[in-house]
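One file, input-v6.csv, is given below (CSV, N, CA, C and O atoms).
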```csv
chain,number,residue,atom,x,y,z
T,1,MET,N,-9.5,4.2,4.4
T,1,MET,CA,-8.7,3.2,3.7
T,1,MET,C,-9.6,1.9,3.5
T,1,MET,O,-10.3,1.5,4.4
T,2,ILE,N,-9.4,1.4,2.3
T,2,ILE,CA,-10.2,0.2,1.9
T,2,ILE,C,-9.4,-1.0,2.3
T,2,ILE,O,-8.2,-1.1,2.0
T,3,SER,N,-10.1,-2.0,2.8
T,3,SER,CA,-9.4,-3.3,3.1
T,3,SER,C,-10.2,-4.4,2.4
T,3,SER,O,-11.2,-4.9,3.0
T,4,PRO,N,-9.7,-4.8,1.3
T,4,PRO,CA,-10.4,-5.9,0.5
T,4,PRO,C,-10.5,-7.2,1.3
T,4,PRO,O,-9.6,-7.5,2.0
T,5,LYS,N,-11.6,-7.9,1.2
T,5,LYS,CA,-11.8,-9.2,1.9
T,5,LYS,C,-11.5,-10.4,1.0
T,5,LYS,O,-11.5,-11.5,1.4
T,6,SER,N,-11.4,-10.2,-0.3
T,6,SER,CA,-11.2,-11.3,-1.3
T,6,SER,C,-10.3,-10.9,-2.4
T,6,SER,O,-10.1,-9.7,-2.7
T,7,TYR,N,-9.8,-11.9,-3.1
T,7,TYR,CA,-9.0,-11.6,-4.3
T,7,TYR,C,-9.8,-10.8,-5.4
T,7,TYR,O,-9.3,-10.0,-6.0
T,8,GLU,N,-11.1,-11.2,-5.5
T,8,GLU,CA,-12.0,-10.5,-6.5
T,8,GLU,C,-12.1,-9.1,-6.2
T,8,GLU,O,-12.0,-8.2,-7.0
T,9,GLU,N,-12.3,-8.8,-4.9
T,9,GLU,CA,-12.5,-7.4,-4.5
T,9,GLU,C,-11.1,-6.6,-4.7
T,9,GLU,O,-11.1,-5.5,-5.2
T,10,LEU,N,-10.0,-7.2,-4.3
T,10,LEU,CA,-8.7,-6.6,-4.5
T,10,LEU,C,-8.5,-6.3,-6.0
T,10,LEU,O,-8.0,-5.2,-6.4
T,11,ALA,N,-8.9,-7.3,-6.9
T,11,ALA,CA,-8.7,-7.1,-8.3
T,11,ALA,C,-9.4,-5.9,-8.9
T,11,ALA,O,-8.9,-5.3,-9.9
T,12,THR,N,-10.5,-5.5,-8.3
T,12,THR,CA,-11.3,-4.4,-8.8
T,12,THR,C,-10.5,-3.1,-8.7
T,12,THR,O,-10.6,-2.2,-9.6
T,13,TYR,N,-9.6,-3.0,-7.7
T,13,TYR,CA,-8.8,-1.8,-7.6
T,13,TYR,C,-7.6,-1.8,-8.5
T,13,TYR,O,-7.1,-0.8,-8.9
T,14,LEU,N,-7.2,-3.0,-9.0
T,14,LEU,CA,-6.1,-3.1,-10.0
T,14,LEU,C,-6.6,-2.5,-11.3
T,14,LEU,O,-5.7,-2.1,-12.1
T,15,GLU,N,-7.8,-2.5,-11.6
T,15,GLU,CA,-8.4,-2.1,-12.9
T,15,GLU,C,-8.8,-0.6,-12.9
T,15,GLU,O,-9.1,-0.1,-13.9
T,16,LYS,N,-8.8,0.0,-11.7
T,16,LYS,CA,-9.2,1.4,-11.7
T,16,LYS,C,-8.3,2.3,-12.5
T,16,LYS,O,-7.1,2.2,-12.5
T,17,PRO,N,-9.0,3.3,-13.1
T,17,PRO,CA,-8.2,4.3,-13.8
T,17,PRO,C,-7.5,5.3,-12.9
T,17,PRO,O,-6.6,6.1,-13.3
T,18,ASP,N,-8.0,5.3,-11.6
T,18,ASP,CA,-7.4,6.2,-10.6
T,18,ASP,C,-6.0,5.8,-10.2
T,18,ASP,O,-5.6,4.7,-10.4
T,19,LYS,N,-5.4,6.7,-9.5
T,19,LYS,CA,-4.1,6.4,-8.8
T,19,LYS,C,-4.4,5.6,-7.5
T,19,LYS,O,-5.1,6.2,-6.7
T,20,VAL,N,-4.0,4.4,-7.4
T,20,VAL,CA,-4.3,3.5,-6.3
T,20,VAL,C,-3.0,3.2,-5.5
T,20,VAL,O,-2.0,2.8,-6.1
T,21,VAL,N,-3.0,3.5,-4.2
T,21,VAL,CA,-1.9,3.1,-3.4
T,21,VAL,C,-2.2,1.8,-2.7
T,21,VAL,O,-3.1,1.8,-1.9
T,22,PHE,N,-1.4,0.8,-3.0
T,22,PHE,CA,-1.6,-0.5,-2.3
T,22,PHE,C,-0.6,-0.5,-1.1
T,22,PHE,O,0.6,-0.5,-1.3
T,23,PHE,N,-1.1,-0.5,0.1
T,23,PHE,CA,-0.3,-0.5,1.3
T,23,PHE,C,-0.2,-1.9,1.8
T,23,PHE,O,-1.2,-2.4,2.4
T,24,PHE,N,0.9,-2.6,1.6
T,24,PHE,CA,1.1,-3.9,2.1
T,24,PHE,C,1.6,-3.9,3.5
T,24,PHE,O,2.5,-3.2,3.9
T,25,THR,N,0.9,-4.7,4.3
T,25,THR,CA,1.0,-4.6,5.8
T,25,THR,C,0.7,-6.0,6.4
T,25,THR,O,0.3,-6.9,5.7
T,26,ALA,N,0.9,-6.1,7.7
T,26,ALA,CA,0.4,-7.3,8.4
T,26,ALA,C,0.3,-6.8,9.9
T,26,ALA,O,1.0,-6.0,10.4
T,27,ASN,N,-0.7,-7.4,10.6
T,27,ASN,CA,-1.0,-7.0,11.9
T,27,ASN,C,0.1,-7.3,12.9
T,27,ASN,O,0.2,-6.6,13.9
T,28,TRP,N,0.9,-8.2,12.6
T,28,TRP,CA,2.0,-8.6,13.5
T,28,TRP,C,3.3,-7.7,13.3
T,28,TRP,O,4.2,-7.8,14.1
T,29,CYS,N,3.3,-6.9,12.3
T,29,CYS,CA,4.5,-6.1,11.9
T,29,CYS,C,4.6,-4.8,12.7
T,29,CYS,O,3.7,-4.0,12.6
T,30,PRO,N,5.6,-4.7,13.6
T,30,PRO,CA,5.8,-3.5,14.4
T,30,PRO,C,6.0,-2.2,13.6
T,30,PRO,O,5.5,-1.2,14.0
T,31,ASP,N,6.7,-2.3,12.4
T,31,ASP,CA,6.8,-1.1,11.6
T,31,ASP,C,5.5,-0.7,11.0
T,31,ASP,O,5.3,0.5,10.7
T,32,CYS,N,4.6,-1.7,10.7
T,32,CYS,CA,3.3,-1.3,10.2
T,32,CYS,C,2.5,-0.7,11.3
T,32,CYS,O,1.8,0.3,11.0
T,33,GLN,N,2.5,-1.2,12.5
T,33,GLN,CA,1.8,-0.6,13.6
T,33,GLN,C,2.2,0.8,13.9
T,33,GLN,O,1.4,1.7,14.2
T,34,PHE,N,3.5,1.1,13.6
T,34,PHE,CA,4.0,2.5,13.7
T,34,PHE,C,3.3,3.4,12.7
T,34,PHE,O,3.1,4.6,13.1
T,35,LEU,N,2.9,2.9,11.6
T,35,LEU,CA,2.3,3.7,10.5
T,35,LEU,C,0.8,3.9,10.7
T,35,LEU,O,0.2,4.9,10.2
T,36,TYR,N,0.1,2.9,11.3
T,36,TYR,CA,-1.3,2.9,11.3
T,36,TYR,C,-1.9,4.2,11.8
T,36,TYR,O,-2.8,4.8,11.2
T,37,PRO,N,-1.4,4.8,12.9
T,37,PRO,CA,-2.0,6.1,13.4
T,37,PRO,C,-1.8,7.3,12.4
T,37,PRO,O,-2.7,8.2,12.5
T,38,VAL,N,-0.8,7.3,11.6
T,38,VAL,CA,-0.6,8.4,10.7
T,38,VAL,C,-1.2,8.2,9.3
T,38,VAL,O,-1.3,9.1,8.5
T,39,MET,N,-1.7,7.0,9.0
T,39,MET,CA,-2.2,6.7,7.6
T,39,MET,C,-3.4,7.6,7.3
T,39,MET,O,-3.5,8.1,6.2
T,40,PRO,N,-4.3,7.9,8.3
T,40,PRO,CA,-5.5,8.8,7.9
T,40,PRO,C,-5.0,10.2,7.5
T,40,PRO,O,-5.5,10.8,6.6
T,41,GLU,N,-3.9,10.7,8.2
T,41,GLU,CA,-3.3,12.0,7.8
T,41,GLU,C,-2.7,11.9,6.4
T,41,GLU,O,-2.9,12.8,5.6
T,42,ILE,N,-2.0,10.8,6.1
T,42,ILE,CA,-1.4,10.7,4.8
T,42,ILE,C,-2.5,10.6,3.7
T,42,ILE,O,-2.3,11.3,2.7
T,43,GLU,N,-3.5,9.9,4.0
T,43,GLU,CA,-4.7,9.9,3.0
T,43,GLU,C,-5.3,11.3,2.8
T,43,GLU,O,-5.5,11.7,1.7
T,44,ALA,N,-5.5,12.0,3.9
T,44,ALA,CA,-6.1,13.3,3.8
T,44,ALA,C,-5.2,14.3,3.1
T,44,ALA,O,-5.7,15.2,2.3
T,45,GLU,N,-3.9,14.1,3.2
T,45,GLU,CA,-2.9,15.0,2.5
T,45,GLU,C,-2.7,14.6,1.0
T,45,GLU,O,-2.0,15.3,0.3
T,46,ASN,N,-3.2,13.5,0.6
T,46,ASN,CA,-3.0,13.0,-0.8
T,46,ASN,C,-4.4,12.5,-1.3
T,46,ASN,O,-4.6,11.3,-1.7
T,47,PRO,N,-5.3,13.4,-1.5
T,47,PRO,CA,-6.7,13.0,-1.9
T,47,PRO,C,-6.8,12.5,-3.3
T,47,PRO,O,-7.8,11.9,-3.6
T,48,GLU,N,-5.8,12.7,-4.1
T,48,GLU,CA,-5.9,12.2,-5.5
T,48,GLU,C,-5.6,10.7,-5.6
T,48,GLU,O,-5.7,10.2,-6.7
T,49,PHE,N,-5.3,10.1,-4.5
T,49,PHE,CA,-5.0,8.7,-4.4
T,49,PHE,C,-6.1,7.9,-3.7
T,49,PHE,O,-6.6,8.5,-2.7
T,50,THR,N,-6.4,6.7,-4.1
T,50,THR,CA,-7.2,5.8,-3.4
T,50,THR,C,-6.3,4.9,-2.6
T,50,THR,O,-5.4,4.3,-3.2
T,51,PHE,N,-6.5,4.7,-1.3
T,51,PHE,CA,-5.6,3.9,-0.5
T,51,PHE,C,-6.3,2.5,-0.2
T,51,PHE,O,-7.4,2.5,0.2
T,52,VAL,N,-5.5,1.5,-0.5
T,52,VAL,CA,-6.0,0.1,-0.3
T,52,VAL,C,-5.0,-0.6,0.6
T,52,VAL,O,-3.9,-0.8,0.2
T,53,ARG,N,-5.5,-1.1,1.7
T,53,ARG,CA,-4.7,-1.8,2.7
T,53,ARG,C,-4.7,-3.3,2.3
T,53,ARG,O,-5.8,-3.9,2.2
T,54,VAL,N,-3.5,-3.9,2.0
T,54,VAL,CA,-3.4,-5.3,1.6
T,54,VAL,C,-2.7,-6.0,2.7
T,54,VAL,O,-1.5,-5.8,2.9
T,55,ASP,N,-3.4,-6.9,3.4
T,55,ASP,CA,-2.8,-7.7,4.4
T,55,ASP,C,-1.9,-8.8,3.7
T,55,ASP,O,-2.4,-9.6,3.0
T,56,ARG,N,-0.6,-8.7,3.9
T,56,ARG,CA,0.3,-9.6,3.2
T,56,ARG,C,0.0,-11.0,3.5
T,56,ARG,O,0.1,-11.9,2.6
T,57,ASP,N,-0.4,-11.3,4.7
T,57,ASP,CA,-0.7,-12.7,5.0
T,57,ASP,C,-2.0,-13.2,4.4
T,57,ASP,O,-2.0,-14.4,4.0
T,58,ASP,N,-3.0,-12.4,4.2
T,58,ASP,CA,-4.2,-12.8,3.5
T,58,ASP,C,-4.0,-12.9,2.0
T,58,ASP,O,-4.8,-13.6,1.3
T,59,PHE,N,-3.1,-12.1,1.5
T,59,PHE,CA,-2.9,-12.0,0.0
T,59,PHE,C,-1.4,-12.3,-0.3
T,59,PHE,O,-0.8,-11.6,-1.1
T,60,MET,N,-0.9,-13.4,0.2
T,60,MET,CA,0.5,-13.8,0.0
T,60,MET,C,0.8,-14.0,-1.5
T,60,MET,O,1.9,-13.6,-1.9
T,61,GLU,N,-0.1,-14.5,-2.3
T,61,GLU,CA,0.3,-14.7,-3.7
T,61,GLU,C,0.5,-13.4,-4.4
T,61,GLU,O,1.3,-13.3,-5.3
T,62,VAL,N,-0.3,-12.4,-4.0
T,62,VAL,CA,-0.2,-11.1,-4.6
T,62,VAL,C,1.1,-10.5,-4.2
T,62,VAL,O,1.9,-9.9,-5.0
T,63,ALA,N,1.4,-10.5,-2.9
T,63,ALA,CA,2.7,-10.0,-2.4
T,63,ALA,C,3.9,-10.6,-3.1
T,63,ALA,O,4.8,-10.0,-3.5
T,64,GLN,N,3.9,-12.0,-3.2
T,64,GLN,CA,5.0,-12.7,-3.9
T,64,GLN,C,5.1,-12.3,-5.4
T,64,GLN,O,6.1,-12.0,-5.9
T,65,GLY,N,3.9,-12.2,-6.0
T,65,GLY,CA,3.9,-11.9,-7.4
T,65,GLY,C,4.4,-10.4,-7.7
T,65,GLY,O,5.0,-10.2,-8.7
T,66,TRP,N,4.2,-9.6,-6.7
T,66,TRP,CA,4.7,-8.2,-6.9
T,66,TRP,C,6.0,-8.0,-6.2
T,66,TRP,O,6.5,-6.9,-6.1
T,67,HIS,N,6.7,-9.1,-5.7
T,67,HIS,CA,8.0,-9.0,-5.1
T,67,HIS,C,8.0,-8.1,-3.9
T,67,HIS,O,8.9,-7.3,-3.7
T,68,ILE,N,7.0,-8.3,-3.1
T,68,ILE,CA,6.9,-7.5,-1.8
T,68,ILE,C,7.4,-8.5,-0.7
T,68,ILE,O,6.6,-9.4,-0.2
T,69,PHE,N,8.6,-8.3,-0.4
T,69,PHE,CA,9.2,-9.2,0.6
T,69,PHE,C,9.5,-8.5,2.0
T,69,PHE,O,9.9,-9.1,2.9
T,70,GLY,N,9.3,-7.2,2.0
T,70,GLY,CA,9.5,-6.4,3.2
T,70,GLY,C,8.2,-5.6,3.4
T,70,GLY,O,7.6,-5.1,2.4
T,71,ILE,N,7.8,-5.5,4.6
T,71,ILE,CA,6.6,-4.6,4.9
T,71,ILE,C,7.0,-3.7,6.1
T,71,ILE,O,7.8,-4.1,6.9
T,72,PRO,N,6.3,-2.6,6.1
T,72,PRO,CA,5.3,-2.0,5.2
T,72,PRO,C,5.9,-1.6,3.9
T,72,PRO,O,7.0,-1.2,3.8
T,73,SER,N,5.1,-1.8,2.8
T,73,SER,CA,5.5,-1.4,1.5
T,73,SER,C,4.4,-0.8,0.8
T,73,SER,O,3.2,-1.1,1.1
T,74,PHE,N,4.7,0.0,-0.2
T,74,PHE,CA,3.7,0.7,-1.0
T,74,PHE,C,3.9,0.5,-2.5
T,74,PHE,O,5.1,0.7,-3.0
T,75,VAL,N,2.9,0.2,-3.2
T,75,VAL,CA,2.9,0.1,-4.7
T,75,VAL,C,1.8,1.0,-5.2
T,75,VAL,O,0.6,0.9,-4.8
T,76,VAL,N,2.1,1.9,-6.2
T,76,VAL,CA,1.1,2.8,-6.7
T,76,VAL,C,0.8,2.4,-8.2
T,76,VAL,O,1.8,2.2,-8.9
T,77,THR,N,-0.5,2.2,-8.5
T,77,THR,CA,-0.9,1.9,-9.9
T,77,THR,C,-1.8,3.0,-10.4
T,77,THR,O,-2.5,3.7,-9.6
T,78,GLU,N,-1.9,3.0,-11.7
T,78,GLU,CA,-2.9,3.9,-12.4
T,78,GLU,C,-3.2,3.1,-13.7
T,78,GLU,O,-2.3,2.7,-14.4
T,79,ASN,N,-4.5,3.0,-13.9
T,79,ASN,CA,-5.0,2.2,-15.1
T,79,ASN,C,-4.3,0.8,-15.1
T,79,ASN,O,-4.0,0.3,-16.2
T,80,GLY,N,-4.1,0.2,-14.0
T,80,GLY,CA,-3.6,-1.1,-13.9
T,80,GLY,C,-2.1,-1.3,-14.1
T,80,GLY,O,-1.6,-2.3,-14.1
T,81,LYS,N,-1.4,-0.1,-14.3
T,81,LYS,CA,0.0,-0.1,-14.5
T,81,LYS,C,0.7,0.5,-13.3
T,81,LYS,O,0.3,1.5,-12.8
T,82,GLU,N,1.8,-0.2,-13.0
T,82,GLU,CA,2.6,0.3,-11.8
T,82,GLU,C,3.3,1.7,-12.2
T,82,GLU,O,3.9,1.8,-13.2
T,83,MET,N,3.0,2.6,-11.3
T,83,MET,CA,3.7,4.0,-11.4
T,83,MET,C,4.9,4.1,-10.6
T,83,MET,O,5.8,4.9,-10.9
T,84,GLY,N,4.9,3.4,-9.4
T,84,GLY,CA,6.0,3.5,-8.5
T,84,GLY,C,5.9,2.6,-7.4
T,84,GLY,O,4.8,2.1,-7.1
T,85,ARG,N,7.0,2.4,-6.7
T,85,ARG,CA,6.9,1.6,-5.5
T,85,ARG,C,7.9,2.1,-4.4
T,85,ARG,O,9.0,2.6,-4.8
T,86,PHE,N,7.5,1.9,-3.2
T,86,PHE,CA,8.4,2.2,-2.0
T,86,PHE,C,8.4,0.9,-1.2
T,86,PHE,O,7.6,0.7,-0.4
T,87,VAL,N,9.3,0.1,-1.6
T,87,VAL,CA,9.3,-1.3,-1.1
T,87,VAL,C,10.7,-1.6,-0.6
T,87,VAL,O,11.7,-1.5,-1.3
T,88,ASN,N,10.8,-1.8,0.7
T,88,ASN,CA,12.0,-2.3,1.4
T,88,ASN,C,11.6,-2.8,2.8
T,88,ASN,O,10.4,-2.7,3.1
T,89,LYS,N,12.6,-3.2,3.5
T,89,LYS,CA,12.3,-3.7,4.9
T,89,LYS,C,12.4,-2.7,6.0
T,89,LYS,O,12.3,-3.1,7.1
T,90,LEU,N,12.6,-1.5,5.6
T,90,LEU,CA,12.9,-0.4,6.7
T,90,LEU,C,11.6,0.2,7.1
T,90,LEU,O,10.6,0.3,6.4
T,91,ARG,N,11.6,0.7,8.4
T,91,ARG,CA,10.5,1.5,8.9
T,91,ARG,C,10.4,2.8,8.1
T,91,ARG,O,11.4,3.4,7.7
T,92,LYS,N,9.2,3.1,7.7
T,92,LYS,CA,9.0,4.3,6.9
T,92,LYS,C,8.3,5.4,7.8
T,92,LYS,O,7.5,5.1,8.6
T,93,THR,N,8.6,6.7,7.4
T,93,THR,CA,8.0,7.8,8.2
T,93,THR,C,6.9,8.4,7.3
T,93,THR,O,6.8,8.2,6.1
T,94,LYS,N,6.1,9.2,8.0
T,94,LYS,CA,5.0,10.0,7.2
T,94,LYS,C,5.7,10.8,6.2
T,94,LYS,O,5.2,10.9,5.1
T,95,ALA,N,6.7,11.5,6.5
T,95,ALA,CA,7.4,12.4,5.6
T,95,ALA,C,8.0,11.6,4.4
T,95,ALA,O,7.8,12.1,3.2
T,96,GLU,N,8.5,10.5,4.6
T,96,GLU,CA,9.0,9.7,3.5
T,96,GLU,C,7.9,9.2,2.6
T,96,GLU,O,8.1,9.2,1.4
T,97,ILE,N,6.8,8.8,3.2
T,97,ILE,CA,5.7,8.3,2.3
T,97,ILE,C,5.1,9.5,1.5
T,97,ILE,O,4.8,9.4,0.3
T,98,ASN,N,4.9,10.7,2.2
T,98,ASN,CA,4.4,11.8,1.5
T,98,ASN,C,5.3,12.3,0.4
T,98,ASN,O,4.9,12.7,-0.7
T,99,SER,N,6.6,12.2,0.6
T,99,SER,CA,7.6,12.5,-0.4
T,99,SER,C,7.5,11.6,-1.6
T,99,SER,O,7.6,12.0,-2.8
T,100,PHE,N,7.4,10.3,-1.3
T,100,PHE,CA,7.3,9.3,-2.4
T,100,PHE,C,6.0,9.6,-3.2
T,100,PHE,O,6.1,9.6,-4.4
T,101,LEU,N,4.9,9.8,-2.5
T,101,LEU,CA,3.6,10.1,-3.2
T,101,LEU,C,3.7,11.4,-4.0
T,101,LEU,O,3.2,11.5,-5.1
T,102,ALA,N,4.4,12.4,-3.5
T,102,ALA,CA,4.5,13.7,-4.2
T,102,ALA,C,5.2,13.5,-5.5
T,102,ALA,O,4.9,14.2,-6.5
T,103,GLY,N,6.1,12.6,-5.6
T,103,GLY,CA,6.8,12.3,-6.9
T,103,GLY,C,6.0,11.6,-7.9
T,103,GLY,O,6.4,11.5,-9.1
T,104,LEU,N,4.8,11.2,-7.5
T,104,LEU,CA,3.9,10.5,-8.5
T,104,LEU,C,2.6,11.3,-8.8
T,104,LEU,O,1.8,10.8,-9.5
T,105,LYS,N,2.6,12.5,-8.3
T,105,LYS,CA,1.4,13.3,-8.6
T,105,LYS,C,1.4,13.9,-10.0
T,105,LYS,O,2.4,14.1,-10.6
```
Please express what this file holds, its structure, as C-alpha cells.
Amino acid sequence: MISPKSYEELATYLEKPDKVVFFFTANWCPDCQFLYPVMPEIEAENPEFTFVRVDRDDFMEVAQGWHIFGIPSFVVTENGKEMGRFVNKLRKTKAEINSFLAGLK
C-alpha cells in the first residue's frame, strides 16, 4: 500500500488511468486498526487496483473536499473520475470491502 507524504505525491495518484482505491484512515481510529491486518489480503485479492492510504489528519483538506467525514472510508477513481465510494462511519469487514470492489471491476 502506498502512503503519500505530500499533497503533490497524493495528486499523482488522482491522475492515474488505473483504478485507484483511496483508503482514508487515521492511526487513532479503532475501526481503521481493525482493518490494517487484512488490508494486504484485500490488496492481493484485488490486483487490478492500486491502493493508496490517505491519513485523514495529514490530508484534512482532501477528506473535507471529498466529503469523507467517517473513517475508515474508501473512494475509487479511474482516470481521475470517481467510480464509487464506500463511505460511512461504520466498521467495515474484509468481505464488505471485497464486495464493494467487486462491483467496480
Per residue of region 2-25 of chain T within 5 Å of region 39-60 of chain T, what are the shortest atom pair and its distance in Å to one decimal, counting all atoms listed in the file, with rows by chain and residue number, as a tab-separated table?
```
residue	atom	partner	partner_atom	distance
T:Ile2	O	T:Arg53	N	2.7
T:Ser3	CA	T:Arg53	O	3.8
T:Pro4	N	T:Arg53	O	4.1
T:Lys19	O	T:Thr50	N	2.9
T:Val20	CA	T:Thr50	O	3.4
T:Val21	N	T:Thr50	O	2.7
T:Phe22	CA	T:Val52	O	3.4
T:Phe23	O	T:Val54	N	2.8
T:Phe24	CA	T:Val54	O	3.3
T:Thr25	O	T:Arg56	N	2.7
```
Inset, instruction - Please work out which residues fall within 7 Å of (6.0, 1.7, -1.1), coordinates as given in the file, with only N, CA, C and O atoms counting, and return them as a list in words. - result: Phe22, Pro72, Ser73, Phe74, Val75, Val76, Gly84, Arg85, Phe86, Val87 and Asn88 of chain T
Inset, instruction - Rank T:Gln64, T:Arg91, T:Thr77, T:Leu35 by their smallest atom-to-atom distance to Leu14 (chain T), using all atoms listed in the file, and report the top residue only. - result: T:Thr77
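Put simply, atom N of Val62 (chain T) is 16.1 Å away from atom N of Lys81 (chain T).
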Inset, instruction - as a PyMOL selection string, please: all residues of region 4-100 of chain T that backbone DSSP puts in helix (DSSP H, G or I). - result: chain T and resi 7-14+30-45+60-65+94-100
Could you write out the selected residues, including N, CA, C and O atoms, as a short mmCIF file (atom, residue, chain, number, x, y, z; two decimals), in the frame of the given file?
```cif
data_model
loop_
_atom_site.label_atom_id
_atom_site.label_comp_id
_atom_site.auth_asym_id
_atom_site.auth_seq_id
_atom_site.Cartn_x
_atom_site.Cartn_y
_atom_site.Cartn_z
N TYR T 7 -9.80 -11.90 -3.10
CA TYR T 7 -9.00 -11.60 -4.30
C TYR T 7 -9.80 -10.80 -5.40
O TYR T 7 -9.30 -10.00 -6.00
N GLU T 8 -11.10 -11.20 -5.50
CA GLU T 8 -12.00 -10.50 -6.50
C GLU T 8 -12.10 -9.10 -6.20
O GLU T 8 -12.00 -8.20 -7.00
N GLU T 9 -12.30 -8.80 -4.90
CA GLU T 9 -12.50 -7.40 -4.50
C GLU T 9 -11.10 -6.60 -4.70
O GLU T 9 -11.10 -5.50 -5.20
N LEU T 10 -10.00 -7.20 -4.30
CA LEU T 10 -8.70 -6.60 -4.50
C LEU T 10 -8.50 -6.30 -6.00
O LEU T 10 -8.00 -5.20 -6.40
N ALA T 11 -8.90 -7.30 -6.90
CA ALA T 11 -8.70 -7.10 -8.30
C ALA T 11 -9.40 -5.90 -8.90
O ALA T 11 -8.90 -5.30 -9.90
N THR T 12 -10.50 -5.50 -8.30
CA THR T 12 -11.30 -4.40 -8.80
C THR T 12 -10.50 -3.10 -8.70
O THR T 12 -10.60 -2.20 -9.60
N TYR T 13 -9.60 -3.00 -7.70
CA TYR T 13 -8.80 -1.80 -7.60
C TYR T 13 -7.60 -1.80 -8.50
O TYR T 13 -7.10 -0.80 -8.90
N LEU T 14 -7.20 -3.00 -9.00
CA LEU T 14 -6.10 -3.10 -10.00
C LEU T 14 -6.60 -2.50 -11.30
O LEU T 14 -5.70 -2.10 -12.10
N PRO T 30 5.60 -4.70 13.60
CA PRO T 30 5.80 -3.50 14.40
C PRO T 30 6.00 -2.20 13.60
O PRO T 30 5.50 -1.20 14.00
N ASP T 31 6.70 -2.30 12.40
CA ASP T 31 6.80 -1.10 11.60
C ASP T 31 5.50 -0.70 11.00
O ASP T 31 5.30 0.50 10.70
N CYS T 32 4.60 -1.70 10.70
CA CYS T 32 3.30 -1.30 10.20
C CYS T 32 2.50 -0.70 11.30
O CYS T 32 1.80 0.30 11.00
N GLN T 33 2.50 -1.20 12.50
CA GLN T 33 1.80 -0.60 13.60
C GLN T 33 2.20 0.80 13.90
O GLN T 33 1.40 1.70 14.20
N PHE T 34 3.50 1.10 13.60
CA PHE T 34 4.00 2.50 13.70
C PHE T 34 3.30 3.40 12.70
O PHE T 34 3.10 4.60 13.10
N LEU T 35 2.90 2.90 11.60
CA LEU T 35 2.30 3.70 10.50
C LEU T 35 0.80 3.90 10.70
O LEU T 35 0.20 4.90 10.20
N TYR T 36 0.10 2.90 11.30
CA TYR T 36 -1.30 2.90 11.30
C TYR T 36 -1.90 4.20 11.80
O TYR T 36 -2.80 4.80 11.20
N PRO T 37 -1.40 4.80 12.90
CA PRO T 37 -2.00 6.10 13.40
C PRO T 37 -1.80 7.30 12.40
O PRO T 37 -2.70 8.20 12.50
N VAL T 38 -0.80 7.30 11.60
CA VAL T 38 -0.60 8.40 10.70
C VAL T 38 -1.20 8.20 9.30
O VAL T 38 -1.30 9.10 8.50
N MET T 39 -1.70 7.00 9.00
CA MET T 39 -2.20 6.70 7.60
C MET T 39 -3.40 7.60 7.30
O MET T 39 -3.50 8.10 6.20
N PRO T 40 -4.30 7.90 8.30
CA PRO T 40 -5.50 8.80 7.90
C PRO T 40 -5.00 10.20 7.50
O PRO T 40 -5.50 10.80 6.60
N GLU T 41 -3.90 10.70 8.20
CA GLU T 41 -3.30 12.00 7.80
C GLU T 41 -2.70 11.90 6.40
O GLU T 41 -2.90 12.80 5.60
N ILE T 42 -2.00 10.80 6.10
CA ILE T 42 -1.40 10.70 4.80
C ILE T 42 -2.50 10.60 3.70
O ILE T 42 -2.30 11.30 2.70
N GLU T 43 -3.50 9.90 4.00
CA GLU T 43 -4.70 9.90 3.00
C GLU T 43 -5.30 11.30 2.80
O GLU T 43 -5.50 11.70 1.70
N ALA T 44 -5.50 12.00 3.90
CA ALA T 44 -6.10 13.30 3.80
C ALA T 44 -5.20 14.30 3.10
O ALA T 44 -5.70 15.20 2.30
N GLU T 45 -3.90 14.10 3.20
CA GLU T 45 -2.90 15.00 2.50
C GLU T 45 -2.70 14.60 1.00
O GLU T 45 -2.00 15.30 0.30
N MET T 60 -0.90 -13.40 0.20
CA MET T 60 0.50 -13.80 0.00
C MET T 60 0.80 -14.00 -1.50
O MET T 60 1.90 -13.60 -1.90
N GLU T 61 -0.10 -14.50 -2.30
CA GLU T 61 0.30 -14.70 -3.70
C GLU T 61 0.50 -13.40 -4.40
O GLU T 61 1.30 -13.30 -5.30
N VAL T 62 -0.30 -12.40 -4.00
CA VAL T 62 -0.20 -11.10 -4.60
C VAL T 62 1.10 -10.50 -4.20
O VAL T 62 1.90 -9.90 -5.00
N ALA T 63 1.40 -10.50 -2.90
CA ALA T 63 2.70 -10.00 -2.40
C ALA T 63 3.90 -10.60 -3.10
O ALA T 63 4.80 -10.00 -3.50
N GLN T 64 3.90 -12.00 -3.20
CA GLN T 64 5.00 -12.70 -3.90
C GLN T 64 5.10 -12.30 -5.40
O GLN T 64 6.10 -12.00 -5.90
N GLY T 65 3.90 -12.20 -6.00
CA GLY T 65 3.90 -11.90 -7.40
C GLY T 65 4.40 -10.40 -7.70
O GLY T 65 5.00 -10.20 -8.70
N LYS T 94 6.10 9.20 8.00
CA LYS T 94 5.00 10.00 7.20
C LYS T 94 5.70 10.80 6.20
O LYS T 94 5.20 10.90 5.10
N ALA T 95 6.70 11.50 6.50
CA ALA T 95 7.40 12.40 5.60
C ALA T 95 8.00 11.60 4.40
O ALA T 95 7.80 12.10 3.20
N GLU T 96 8.50 10.50 4.60
CA GLU T 96 9.00 9.70 3.50
C GLU T 96 7.90 9.20 2.60
O GLU T 96 8.10 9.20 1.40
N ILE T 97 6.80 8.80 3.20
CA ILE T 97 5.70 8.30 2.30
C ILE T 97 5.10 9.50 1.50
O ILE T 97 4.80 9.40 0.30
N ASN T 98 4.90 10.70 2.20
CA ASN T 98 4.40 11.80 1.50
C ASN T 98 5.30 12.30 0.40
O ASN T 98 4.90 12.70 -0.70
N SER T 99 6.60 12.20 0.60
CA SER T 99 7.60 12.50 -0.40
C SER T 99 7.50 11.60 -1.60
O SER T 99 7.60 12.00 -2.80
N PHE T 100 7.40 10.30 -1.30
CA PHE T 100 7.30 9.30 -2.40
C PHE T 100 6.00 9.60 -3.20
O PHE T 100 6.10 9.60 -4.40
#
```
Inset, instruction - State, in Å with one decimal place, the distance from atom C of Lys16 (chain T) to atom N of Glu96 (chain T). - result: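 Taking atom C of Lys16 (chain T) as the start and atom N of Glu96 (chain T) as the end point, the length is 25.3 Å.
One distance worth recording is that between CA of Ser6 (chain T) and CA of Phe69 (chain T), which is 20.6 Å.
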Inset, instruction - Using DSSP on the backbone, list every residue of region 1-69 of chain T that comes out as strand (DSSP E), and give them as a PyMOL selection string. - result: chain T and resi 19-25+49-55
